[in-house]
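Have a look at start.tsv; it's TSV, C-alpha atoms:
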chain	number	residue	atom	x	y	z
N	1	MET	CA	66.67	-79.07	-10.00
N	2	LYS	CA	63.17	-77.59	-10.29
N	3	GLN	CA	62.71	-74.30	-12.14
N	4	LEU	CA	59.42	-72.52	-12.90
N	5	ARG	CA	59.31	-71.30	-16.50
N	6	MET	CA	56.79	-69.44	-18.65
N	7	TYR	CA	55.87	-70.95	-22.02
N	8	GLY	CA	53.18	-68.52	-23.14
N	9	VAL	CA	50.06	-66.68	-22.04
N	10	ASN	CA	49.06	-68.03	-18.60
N	11	GLU	CA	51.23	-71.09	-19.18
N	12	LEU	CA	53.72	-72.04	-16.48
N	13	ARG	CA	55.57	-75.33	-16.09
N	14	LEU	CA	57.78	-76.64	-13.32
N	15	ASP	CA	60.70	-78.12	-15.26
N	16	GLU	CA	63.72	-80.19	-14.33
N	17	VAL	CA	66.90	-78.40	-15.41
N	18	PRO	CA	70.58	-78.85	-14.51
N	19	VAL	CA	71.92	-77.25	-11.34
N	20	PRO	CA	74.11	-74.32	-12.47
N	21	ALA	CA	77.85	-74.30	-11.81
N	22	PRO	CA	79.61	-71.05	-10.91
N	23	GLY	CA	82.25	-69.49	-13.12
N	24	PRO	CA	85.34	-67.96	-11.50
N	25	ASP	CA	83.54	-64.73	-10.51
N	26	ASP	CA	80.10	-66.21	-9.81
N	27	ILE	CA	78.16	-67.84	-6.99
N	28	VAL	CA	75.30	-70.32	-6.85
N	29	VAL	CA	72.57	-69.58	-4.30
N	30	LYS	CA	70.14	-72.10	-2.82
N	31	ILE	CA	66.88	-70.14	-3.03
N	32	ILE	CA	64.79	-70.26	0.15
N	33	ALA	CA	61.94	-67.87	-0.69
N	34	ALA	CA	60.83	-65.76	-3.65
N	35	GLY	CA	58.07	-63.17	-3.92
N	36	ILE	CA	55.63	-63.01	-6.82
N	37	CYS	CA	55.84	-59.52	-8.32
N	38	GLY	CA	53.22	-57.61	-10.28
N	39	SER	CA	55.63	-57.70	-13.21
N	40	ASP	CA	55.60	-61.53	-13.05
N	41	LEU	CA	51.82	-61.37	-13.37
N	42	GLY	CA	52.13	-58.96	-16.30
N	43	PHE	CA	54.68	-61.17	-18.06
N	44	LEU	CA	52.36	-64.16	-17.63
N	45	ARG	CA	49.37	-62.19	-18.92
N	46	ASP	CA	51.30	-61.17	-22.05
N	47	GLY	CA	53.08	-64.49	-22.45
N	48	TYR	CA	56.51	-62.94	-22.99
N	49	ILE	CA	59.01	-60.37	-21.72
N	50	GLY	CA	59.97	-57.60	-24.12
N	51	ARG	CA	59.12	-59.55	-27.25
N	52	PRO	CA	58.06	-63.13	-28.03
N	53	SER	CA	61.02	-65.48	-28.41
N	54	GLY	CA	59.40	-68.90	-28.56
N	55	GLU	CA	61.68	-70.06	-25.75
N	56	PRO	CA	60.65	-70.88	-22.17
N	57	VAL	CA	61.44	-67.99	-19.84
N	58	PRO	CA	62.23	-68.47	-16.13
N	59	LEU	CA	60.57	-65.97	-13.78
N	60	GLY	CA	61.26	-64.69	-10.26
N	61	HIS	CA	63.43	-61.80	-9.06
N	62	GLU	CA	62.44	-61.08	-5.41
N	63	LEU	CA	64.86	-63.50	-3.80
N	64	VAL	CA	66.53	-64.65	-0.61
N	65	GLY	CA	68.66	-67.72	-0.11
N	66	VAL	CA	71.88	-69.29	1.14
N	67	ILE	CA	75.15	-69.37	-0.80
N	68	HIS	CA	75.70	-72.93	-2.06
N	69	ALA	CA	78.89	-72.62	-4.13
N	70	LEU	CA	81.56	-70.00	-4.90
N	71	GLY	CA	83.74	-69.32	-7.91
N	72	GLU	CA	87.48	-69.34	-7.29
N	73	ASN	CA	87.80	-65.54	-7.54
N	74	VAL	CA	84.99	-64.69	-5.11
N	75	ALA	CA	86.62	-63.51	-1.88
N	76	SER	CA	84.02	-61.33	-0.16
N	77	LEU	CA	81.34	-64.01	0.35
N	78	GLU	CA	81.13	-67.41	2.06
N	79	VAL	CA	79.30	-70.69	1.54
N	80	GLY	CA	76.35	-70.86	3.94
N	81	GLN	CA	75.89	-67.09	4.07
N	82	ARG	CA	72.28	-65.86	3.93
N	83	VAL	CA	71.82	-63.30	1.16
N	84	VAL	CA	69.41	-61.09	-0.74
N	85	ILE	CA	70.06	-60.98	-4.49
N	86	HIS	CA	69.93	-57.81	-6.58
N	87	PRO	CA	68.43	-59.07	-9.87
N	88	MET	CA	69.71	-56.31	-12.17
N	89	LYS	CA	73.34	-55.67	-11.25
N	90	GLY	CA	76.23	-56.30	-13.64
N	91	ARG	CA	75.48	-59.03	-16.17
N	92	ASN	CA	72.49	-60.29	-14.22
N	93	ARG	CA	68.95	-59.96	-15.58
N	94	ILE	CA	67.33	-62.42	-13.22
N	95	GLY	CA	63.68	-63.23	-13.91
N	96	THR	CA	63.34	-60.43	-16.44
N	97	GLY	CA	64.00	-62.16	-19.76
N	98	ASP	CA	67.34	-63.95	-19.42
N	99	PRO	CA	66.58	-67.44	-20.79
N	100	ALA	CA	68.80	-69.13	-18.19
N	101	HIS	CA	68.17	-67.24	-14.96
N	102	GLY	CA	65.03	-67.00	-12.85
N	103	GLY	CA	64.56	-67.12	-9.12
N	104	PHE	CA	61.58	-69.47	-8.93
N	105	ALA	CA	64.11	-72.30	-8.82
N	106	GLU	CA	65.94	-74.41	-6.30
N	107	TYR	CA	69.32	-72.94	-7.27
N	108	LEU	CA	70.33	-69.70	-9.00
N	109	LEU	CA	73.53	-68.59	-10.69
N	110	VAL	CA	74.54	-65.01	-9.81
N	111	ARG	CA	77.15	-63.68	-12.23
N	112	ASP	CA	79.98	-61.38	-11.11
N	113	ALA	CA	78.93	-61.75	-7.47
N	114	ARG	CA	80.10	-58.88	-5.30
N	115	SER	CA	79.02	-58.23	-1.73
N	116	GLY	CA	77.08	-55.00	-1.48
N	117	GLU	CA	76.43	-54.83	-5.23
N	118	SER	CA	74.79	-57.94	-6.72
N	119	VAL	CA	74.56	-59.84	-3.42
N	120	PHE	CA	73.74	-58.45	0.03
N	121	PRO	CA	74.48	-60.49	3.17
N	122	ILE	CA	71.55	-60.57	5.59
N	123	GLN	CA	72.34	-59.39	9.11
N	124	ASP	CA	71.94	-61.91	11.95
N	125	ASN	CA	68.91	-60.16	13.51
N	126	LEU	CA	66.88	-60.27	10.28
N	127	SER	CA	64.73	-63.27	9.36
N	128	LEU	CA	64.43	-64.48	5.78
N	129	GLU	CA	60.68	-63.93	6.09
N	130	ARG	CA	61.31	-60.20	6.43
N	131	ALA	CA	64.32	-60.06	4.12
N	132	VAL	CA	62.34	-61.43	1.16
N	133	LEU	CA	60.53	-58.07	1.06
N	134	THR	CA	63.75	-56.18	0.29
N	135	GLU	CA	63.24	-55.87	-3.47
N	136	PRO	CA	59.63	-54.58	-3.51
N	137	ILE	CA	60.29	-52.13	-0.66
N	138	ALA	CA	63.42	-50.92	-2.48
N	139	VAL	CA	61.15	-49.84	-5.36
N	140	SER	CA	59.27	-47.57	-2.95
N	141	MET	CA	62.42	-46.45	-1.11
N	142	HIS	CA	64.08	-45.26	-4.32
N	143	GLY	CA	61.06	-43.09	-5.04
N	144	LEU	CA	61.09	-41.64	-1.52
N	145	ASN	CA	64.76	-40.81	-1.93
N	146	LYS	CA	64.11	-39.05	-5.23
N	147	ALA	CA	61.21	-37.11	-3.68
N	148	ASP	CA	63.39	-36.10	-0.69
N	149	VAL	CA	60.75	-37.23	1.80
N	150	GLN	CA	60.89	-35.61	5.24
N	151	ALA	CA	59.23	-36.63	8.50
N	152	SER	CA	57.02	-33.55	8.26
N	153	ASP	CA	55.50	-34.56	4.91
N	154	ARG	CA	51.76	-35.16	4.69
N	155	VAL	CA	51.46	-38.11	2.33
N	156	VAL	CA	48.74	-39.63	0.15
N	157	ILE	CA	49.37	-43.10	-1.29
N	158	LEU	CA	47.22	-44.03	-4.28
N	159	GLY	CA	46.94	-47.82	-4.37
N	160	ALA	CA	47.43	-50.33	-1.54
N	161	GLY	CA	49.08	-53.15	-3.45
N	162	PRO	CA	52.54	-54.42	-2.44
N	163	ILE	CA	54.37	-51.29	-3.65
N	164	GLY	CA	51.94	-48.99	-1.83
N	165	LEU	CA	52.17	-51.10	1.32
N	166	GLY	CA	55.95	-51.06	1.07
N	167	ALA	CA	55.81	-47.28	0.79
N	168	ILE	CA	53.94	-47.13	4.10
N	169	ALA	CA	56.69	-49.10	5.82
N	170	ALA	CA	59.41	-46.93	4.29
N	171	LEU	CA	57.57	-43.74	5.27
N	172	LYS	CA	57.14	-44.96	8.85
N	173	HIS	CA	60.86	-45.70	8.92
N	174	ARG	CA	61.45	-42.07	7.89
N	175	GLY	CA	59.29	-40.84	10.76
N	176	VAL	CA	56.32	-39.73	8.64
N	177	LYS	CA	53.15	-39.71	10.73
N	178	GLU	CA	50.44	-38.45	8.36
N	179	ILE	CA	49.85	-41.15	5.74
N	180	VAL	CA	46.48	-41.56	4.02
N	181	VAL	CA	46.05	-44.55	1.71
N	182	VAL	CA	43.52	-44.66	-1.14
N	183	ASP	CA	42.08	-47.83	-2.71
N	184	VAL	CA	38.75	-49.44	-3.62
N	185	ILE	CA	39.39	-52.78	-1.90
N	186	GLU	CA	38.61	-52.77	1.81
N	187	GLU	CA	40.89	-55.71	2.61
N	188	ARG	CA	43.86	-53.81	1.19
N	189	LEU	CA	42.99	-50.72	3.19
N	190	GLU	CA	42.84	-52.81	6.36
N	191	ARG	CA	46.41	-53.99	5.69
N	192	ALA	CA	47.44	-50.37	5.21
N	193	LEU	CA	46.13	-49.52	8.67
N	194	GLN	CA	47.94	-52.51	10.17
N	195	LEU	CA	51.19	-51.23	8.66
N	196	GLY	CA	50.70	-47.80	10.21
N	197	ALA	CA	48.64	-45.65	7.85
N	198	SER	CA	46.88	-42.88	9.78
N	199	ALA	CA	43.70	-43.07	7.67
N	200	THR	CA	42.27	-44.60	4.50
N	201	VAL	CA	39.88	-43.54	1.76
N	202	ASN	CA	37.79	-46.10	-0.12
N	203	THR	CA	36.91	-44.27	-3.34
N	204	GLY	CA	34.24	-46.86	-4.05
N	205	ARG	CA	32.35	-45.40	-1.10
N	206	GLN	CA	33.59	-41.82	-0.73
N	207	ALA	CA	34.76	-39.04	-3.03
N	208	LEU	CA	38.55	-38.81	-3.04
N	209	ARG	CA	38.66	-35.10	-2.26
N	210	ASP	CA	36.19	-35.40	0.61
N	211	GLY	CA	38.24	-38.17	2.19
N	212	LEU	CA	41.53	-36.31	1.87
N	213	GLU	CA	40.11	-33.03	3.16
N	214	ALA	CA	38.80	-34.88	6.22
N	215	SER	CA	42.38	-35.92	7.06
N	216	PHE	CA	44.48	-32.99	5.89
N	217	GLY	CA	42.13	-30.02	5.79
N	218	THR	CA	42.47	-27.32	3.12
N	219	VAL	CA	44.73	-24.39	2.31
N	220	LYS	CA	44.17	-21.60	-0.23
N	221	SER	CA	46.23	-21.47	-3.38
N	222	LYS	CA	48.11	-18.15	-3.47
N	223	VAL	CA	47.41	-17.54	-7.16
N	224	MET	CA	44.17	-19.39	-7.86
N	225	ARG	CA	42.63	-18.39	-4.51
N	226	GLN	CA	40.82	-21.70	-4.27
N	227	PRO	CA	40.93	-24.21	-1.41
N	228	SER	CA	43.31	-27.12	-2.00
N	229	VAL	CA	43.98	-30.31	-0.06
N	230	ASN	CA	46.79	-29.65	2.42
N	231	ALA	CA	48.90	-32.71	1.52
N	232	SER	CA	52.52	-32.24	0.48
N	233	LEU	CA	53.24	-35.51	-1.36
N	234	TYR	CA	51.12	-37.86	-3.49
N	235	ILE	CA	52.55	-41.28	-4.37
N	236	ASP	CA	50.99	-43.01	-7.37
N	237	CYS	CA	51.12	-46.78	-6.85
N	238	ALA	CA	47.89	-47.41	-8.79
N	239	GLY	CA	48.59	-46.43	-12.40
N	240	HIS	CA	45.05	-45.12	-12.88
N	241	ALA	CA	45.19	-41.96	-15.00
N	242	PRO	CA	41.83	-40.44	-13.92
N	243	LEU	CA	43.10	-40.35	-10.33
N	244	LEU	CA	45.99	-38.15	-11.40
N	245	ASP	CA	43.60	-35.69	-13.05
N	246	GLU	CA	41.91	-35.33	-9.67
N	247	ILE	CA	45.23	-34.86	-7.92
N	248	PHE	CA	46.26	-31.96	-10.17
N	249	SER	CA	42.96	-30.21	-9.49
N	250	MET	CA	43.07	-30.59	-5.69
N	251	ALA	CA	46.81	-30.41	-4.94
N	252	CYS	CA	48.10	-27.42	-2.99
N	253	ASP	CA	50.89	-25.06	-4.00
N	254	GLY	CA	54.27	-26.80	-4.04
N	255	ALA	CA	52.89	-30.34	-3.79
N	256	ARG	CA	54.92	-33.22	-5.25
N	257	LEU	CA	53.58	-36.15	-7.24
N	258	LEU	CA	55.78	-39.27	-7.20
N	259	ILE	CA	55.02	-41.85	-9.91
N	260	LEU	CA	55.89	-45.42	-8.89
N	261	ALA	CA	53.15	-47.14	-10.91
N	262	THR	CA	53.43	-48.27	-14.51
N	263	HIS	CA	51.43	-46.23	-17.03
N	264	LYS	CA	51.33	-48.06	-20.36
N	265	LYS	CA	49.25	-45.46	-22.20
N	266	PRO	CA	49.89	-41.74	-22.72
N	267	MET	CA	47.75	-39.38	-20.67
N	268	SER	CA	46.99	-35.67	-20.76
N	269	ILE	CA	47.61	-33.43	-17.77
N	270	ASP	CA	46.47	-29.93	-16.91
N	271	LEU	CA	49.73	-28.03	-17.33
N	272	ALA	CA	48.09	-24.82	-16.14
N	273	GLN	CA	47.51	-26.39	-12.71
N	274	LEU	CA	51.05	-27.74	-12.65
N	275	ILE	CA	52.58	-24.36	-13.54
N	276	ILE	CA	50.41	-22.09	-11.40
N	277	LYS	CA	50.69	-24.29	-8.30
N	278	GLU	CA	54.33	-25.21	-8.98
N	279	ILE	CA	53.57	-28.92	-8.65
N	280	SER	CA	56.60	-31.20	-9.04
N	281	VAL	CA	56.18	-34.52	-10.89
N	282	ILE	CA	58.85	-37.10	-10.07
N	283	GLY	CA	59.39	-40.34	-11.97
N	284	SER	CA	61.06	-43.31	-10.30
N	285	LEU	CA	62.24	-46.64	-11.67
N	286	SER	CA	63.89	-49.60	-10.00
N	287	TYR	CA	66.35	-49.34	-7.09
N	288	PRO	CA	69.95	-48.61	-8.10
N	289	THR	CA	71.28	-48.08	-4.56
N	290	GLU	CA	68.54	-48.88	-2.04
N	291	PHE	CA	69.03	-52.54	-1.04
N	292	ALA	CA	71.40	-51.84	1.87
N	293	GLU	CA	69.11	-49.09	3.16
N	294	VAL	CA	66.08	-51.39	3.07
N	295	LEU	CA	67.90	-54.25	4.78
N	296	ASP	CA	68.89	-51.88	7.56
N	297	MET	CA	65.26	-50.75	7.83
N	298	LEU	CA	63.96	-54.33	7.97
N	299	GLY	CA	66.39	-55.08	10.79
N	300	ASN	CA	64.38	-52.73	13.01
N	301	GLN	CA	62.15	-55.26	14.75
N	302	ASN	CA	59.84	-52.49	15.97
N	303	LEU	CA	58.82	-51.73	12.39
N	304	VAL	CA	55.61	-53.58	11.52
N	305	ILE	CA	56.07	-55.34	8.17
N	306	GLU	CA	54.33	-58.72	8.47
N	307	PRO	CA	50.94	-57.60	7.00
N	308	MET	CA	52.64	-57.14	3.63
N	309	ILE	CA	52.79	-60.93	3.22
N	310	SER	CA	49.35	-62.42	2.79
N	311	HIS	CA	50.11	-65.95	1.53
N	312	SER	CA	52.97	-68.42	1.32
N	313	TYR	CA	53.06	-71.57	-0.86
N	314	PRO	CA	55.61	-74.30	-1.59
N	315	LEU	CA	57.03	-74.11	-5.12
N	316	ASP	CA	55.09	-77.23	-6.14
N	317	ASP	CA	51.85	-75.30	-5.50
N	318	TYR	CA	52.81	-72.54	-7.96
N	319	GLU	CA	49.43	-72.65	-9.74
N	320	ALA	CA	47.53	-71.83	-6.55
N	321	ALA	CA	50.12	-69.19	-5.64
N	322	PHE	CA	49.73	-67.35	-8.95
N	323	GLN	CA	45.94	-67.60	-8.84
N	324	THR	CA	46.00	-66.01	-5.39
N	325	ALA	CA	48.42	-63.28	-6.49
N	326	GLN	CA	46.10	-62.45	-9.39
N	327	ALA	CA	43.21	-61.77	-6.97
N	328	PRO	CA	43.90	-58.34	-5.39
N	329	HIS	CA	40.93	-58.59	-3.03
N	330	LEU	CA	42.49	-61.73	-1.53
N	331	SER	CA	46.20	-61.08	-1.51
N	332	ALA	CA	49.05	-58.66	-0.92
N	333	LYS	CA	52.54	-60.15	-1.35
N	334	VAL	CA	52.48	-63.87	-2.18
N	335	ILE	CA	55.64	-65.88	-1.44
N	336	LEU	CA	56.88	-69.13	-3.00
N	337	ARG	CA	58.88	-71.23	-0.52
N	338	LEU	CA	61.74	-73.51	-1.53
N	339	ASP	CA	63.07	-74.47	1.92
Please express the file's structure as C-alpha cells.
Amino acid sequence: MKQLRMYGVNELRLDEVPVPAPGPDDIVVKIIAAGICGSDLGFLRDGYIGRPSGEPVPLGHELVGVIHALGENVASLEVGQRVVIHPMKGRNRIGTGDPAHGGFAEYLLVRDARSGESVFPIQDNLSLERAVLTEPIAVSMHGLNKADVQASDRVVILGAGPIGLGAIAALKHRGVKEIVVVDVIEERLERALQLGASATVNTGRQALRDGLEASFGTVKSKVMRQPSVNASLYIDCAGHAPLLDEIFSMACDGARLLILATHKKPMSIDLAQLIIKEISVIGSLSYPTEFAEVLDMLGNQNLVIEPMISHSYPLDDYEAAFQTAQAPHLSAKVILRLD
C-alpha cells in the first residue's frame, strides 16, 4: 500500500509498505480522506517529531475511512462501517511520531479499537466530506467546553486559520451570535464571514481596538475607571504574543482569554491588568472527550461548514497539497483524498 512518510526537513516520500494486519483487539481502516494539520506542517518544517530519530515518520491524524478488517475480539464494530478515528486514544499515536502509524496511507491499523473511544461510527446523515473535519473542530470544541461558552457570550477570535474557523462553527452551534474574527489575510476573513462571523477586523488595515469597539462598544472598568472593549471571551488561535498584550489592556472586567494556539516562546503579561480586571486565562489542549459532540454537530445540515475546506488533492499529488497548505493566503483546510 501507499504511505506518505517524512524523511527530514521538507522531505516527504510516498512509499510502498505492507498492508497492516489487525491483532485480536485491533481493526484496519481503509482511509478515504485525511486533513493536513498545522502540526503536520510544523513537523515537516522541523524534520522530526519530538526529537530526530533518523527513521522515516508517517504523518496524518485527521482521518475518516471505512473498516476493512476486524480482530477476533472486536465486537462493537463491523466491516464496511464508516468511521472517524481518534488518533490519541489507548496505544494509538497516529501521525504524531509512531514509526508505524500515520493516516496519509491507504490503510491504517487502529490498536485496541473500541466504538466511542478510539473509533467513532459516522451517522448515516453525515457525509465523509463533513466528517473529516471532526478532529480540527474538536480542538476548538474542547476549548469552548473549558471556557463554559454560553449563547450570550460576545466573542473575539484571533486568527482565522482552520482552528479559528472551526471555532466559529462550534460557536454557531452553541447559539452564539456576536463573533468578531481578527486576521491580516482578507481571504481568511471572507471565509470567516461565510461560516457565520458577525464581523471581521483586518489588523493590517485597522487598529485592533478600533475594530472591536465598533462591534462591541465599550464599558467602564469598575476599578480602573477606563473604557474597555465589551467582549466577554477572546479565543487565541493565532499564537502571536503582541496581540495578547493588546487584549489584556483592552479587555473588560471578568473577560476570559482562551488559548488554543501554540506558543513556543515564553511571554510576559501584565499581571496588574489580569488581577484588577479579574481576567481568566484558560489553556486548552487536544480533545479528550469531544469527538461524539462534534459528530453530532456536523450532522446538523443547517450548520454551514463547507468554507472550512479550501482544497482537495489525491494522495499522489501530496507535494502540491502541502505547498498549498503552507500558503495561508491561499488555503484553509487542505484534504488528501484516498478514495
Minimum-distance residue to Gln123 in chain N, chosen among N:Leu298, N:Ala69, N:Ala327, N:Leu260 (using all atoms listed in the file):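 Of N:Leu298, N:Ala69, N:Ala327, N:Leu260, the one nearest Gln123 in chain N, counting all atoms listed in the file, is N:Leu298.
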Each range 33-111 of chain N residue no farther than 12 Å from range 155-166 of chain N, nearest pair in Å, only C-alpha atoms, as JSON lines:
{"residue": "N:Gly35", "atom": "CA", "partner": "N:Pro162", "partner_atom": "CA", "distance": 10.5}
{"residue": "N:Ile36", "atom": "CA", "partner": "N:Pro162", "partner_atom": "CA", "distance": 10.1}
{"residue": "N:Cys37", "atom": "CA", "partner": "N:Pro162", "partner_atom": "CA", "distance": 8.5}
{"residue": "N:Gly38", "atom": "CA", "partner": "N:Pro162", "partner_atom": "CA", "distance": 8.5}
{"residue": "N:Ser39", "atom": "CA", "partner": "N:Ile163", "partner_atom": "CA", "distance": 11.6}
Residues at most 9 Å from range 200-210 of chain N, counting only C-alpha atoms, excluding those fewer than 2 positions away in the same chain, as a list in words?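 The neighbour list is Ile179, Val180, Val181, Val182, Asp183, Val184, Ile185, Glu186, Leu189, Glu190, Ala192, Leu193, Ala197, Ser198, Leu212, Glu213, Ala214, Ser215, Val229, Leu243, Glu246, Ile247 and Met250 of chain N.
Straight-line separation from CA of Asp15 in chain N to CA of Gly42 in chain N: 21.0 Å.
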Which residue of N:Leu126, N:Ala33, N:Leu195, N:Met1 approaches Leu295 in chain N most closely, using all atoms listed in the file: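 Ranking N:Leu126, N:Ala33, N:Leu195, N:Met1 by distance to Leu295 in chain N, first place goes to N:Leu126.
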Counting all atoms listed in the file, which of N:Pro307, N:Pro52, N:Gly103, N:Gly97 gets nearest to Ala332 in chain N?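 Ranked by minimum distance to Ala332 in chain N, first place goes to N:Pro307.
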Starting from the sparse input, extend range 90-109 of chain N to N, CA and C atoms and give the output as a PDB file, keeping the file's coordinate frame.
ATOM      1  N   GLY N  90      75.231 -55.689 -12.776  1.00  0.00           N
ATOM      2  CA  GLY N  90      76.230 -56.300 -13.640  1.00  0.00           C
ATOM      3  C   GLY N  90      75.611 -57.002 -14.819  1.00  0.00           C
ATOM      4  N   ARG N  91      76.006 -58.248 -15.042  1.00  0.00           N
ATOM      5  CA  ARG N  91      75.480 -59.030 -16.170  1.00  0.00           C
ATOM      6  C   ARG N  91      74.211 -59.787 -15.821  1.00  0.00           C
ATOM      7  N   ASN N  92      73.672 -59.553 -14.645  1.00  0.00           N
ATOM      8  CA  ASN N  92      72.490 -60.290 -14.220  1.00  0.00           C
ATOM      9  C   ASN N  92      71.208 -59.603 -14.701  1.00  0.00           C
ATOM     10  N   ARG N  93      70.305 -60.400 -15.243  1.00  0.00           N
ATOM     11  CA  ARG N  93      68.950 -59.960 -15.580  1.00  0.00           C
ATOM     12  C   ARG N  93      68.014 -61.078 -15.114  1.00  0.00           C
ATOM     13  N   ILE N  94      67.972 -61.250 -13.809  1.00  0.00           N
ATOM     14  CA  ILE N  94      67.330 -62.420 -13.220  1.00  0.00           C
ATOM     15  C   ILE N  94      65.815 -62.268 -13.251  1.00  0.00           C
ATOM     16  N   GLY N  95      65.138 -63.222 -13.875  1.00  0.00           N
ATOM     17  CA  GLY N  95      63.680 -63.230 -13.910  1.00  0.00           C
ATOM     18  C   GLY N  95      63.069 -62.149 -14.759  1.00  0.00           C
ATOM     19  N   THR N  96      63.856 -61.523 -15.613  1.00  0.00           N
ATOM     20  CA  THR N  96      63.340 -60.430 -16.440  1.00  0.00           C
ATOM     21  C   THR N  96      63.684 -60.627 -17.914  1.00  0.00           C
ATOM     22  N   GLY N  97      63.803 -61.879 -18.343  1.00  0.00           N
ATOM     23  CA  GLY N  97      64.000 -62.160 -19.760  1.00  0.00           C
ATOM     24  C   GLY N  97      65.218 -62.985 -20.089  1.00  0.00           C
ATOM     25  N   ASP N  98      66.180 -63.094 -19.174  1.00  0.00           N
ATOM     26  CA  ASP N  98      67.340 -63.950 -19.420  1.00  0.00           C
ATOM     27  C   ASP N  98      66.864 -65.394 -19.504  1.00  0.00           C
ATOM     28  N   PRO N  99      67.132 -66.090 -20.611  1.00  0.00           N
ATOM     29  CA  PRO N  99      66.580 -67.440 -20.790  1.00  0.00           C
ATOM     30  C   PRO N  99      67.133 -68.479 -19.829  1.00  0.00           C
ATOM     31  N   ALA N 100      68.187 -68.146 -19.084  1.00  0.00           N
ATOM     32  CA  ALA N 100      68.800 -69.130 -18.190  1.00  0.00           C
ATOM     33  C   ALA N 100      68.593 -68.831 -16.716  1.00  0.00           C
ATOM     34  N   HIS N 101      68.122 -67.630 -16.366  1.00  0.00           N
ATOM     35  CA  HIS N 101      68.170 -67.240 -14.960  1.00  0.00           C
ATOM     36  C   HIS N 101      66.835 -66.696 -14.472  1.00  0.00           C
ATOM     37  N   GLY N 102      66.236 -67.434 -13.545  1.00  0.00           N
ATOM     38  CA  GLY N 102      65.030 -67.000 -12.850  1.00  0.00           C
ATOM     39  C   GLY N 102      65.050 -67.528 -11.446  1.00  0.00           C
ATOM     40  N   GLY N 103      64.446 -66.784 -10.531  1.00  0.00           N
ATOM     41  CA  GLY N 103      64.560 -67.120  -9.120  1.00  0.00           C
ATOM     42  C   GLY N 103      63.542 -68.098  -8.584  1.00  0.00           C
ATOM     43  N   PHE N 104      62.510 -68.434  -9.372  1.00  0.00           N
ATOM     44  CA  PHE N 104      61.580 -69.470  -8.930  1.00  0.00           C
ATOM     45  C   PHE N 104      62.218 -70.816  -9.253  1.00  0.00           C
ATOM     46  N   ALA N 105      63.301 -71.108  -8.559  1.00  0.00           N
ATOM     47  CA  ALA N 105      64.110 -72.300  -8.820  1.00  0.00           C
ATOM     48  C   ALA N 105      64.836 -72.687  -7.549  1.00  0.00           C
ATOM     49  N   GLU N 106      65.255 -73.940  -7.500  1.00  0.00           N
ATOM     50  CA  GLU N 106      65.940 -74.410  -6.300  1.00  0.00           C
ATOM     51  C   GLU N 106      67.332 -73.788  -6.159  1.00  0.00           C
ATOM     52  N   TYR N 107      67.991 -73.545  -7.288  1.00  0.00           N
ATOM     53  CA  TYR N 107      69.320 -72.940  -7.270  1.00  0.00           C
ATOM     54  C   TYR N 107      69.383 -71.848  -8.338  1.00  0.00           C
ATOM     55  N   LEU N 108      70.212 -70.832  -8.080  1.00  0.00           N
ATOM     56  CA  LEU N 108      70.330 -69.700  -9.000  1.00  0.00           C
ATOM     57  C   LEU N 108      71.786 -69.300  -9.152  1.00  0.00           C
ATOM     58  N   LEU N 109      72.211 -69.120 -10.404  1.00  0.00           N
ATOM     59  CA  LEU N 109      73.530 -68.590 -10.690  1.00  0.00           C
ATOM     60  C   LEU N 109      73.492 -67.065 -10.633  1.00  0.00           C
TER      61      LEU N 109
END
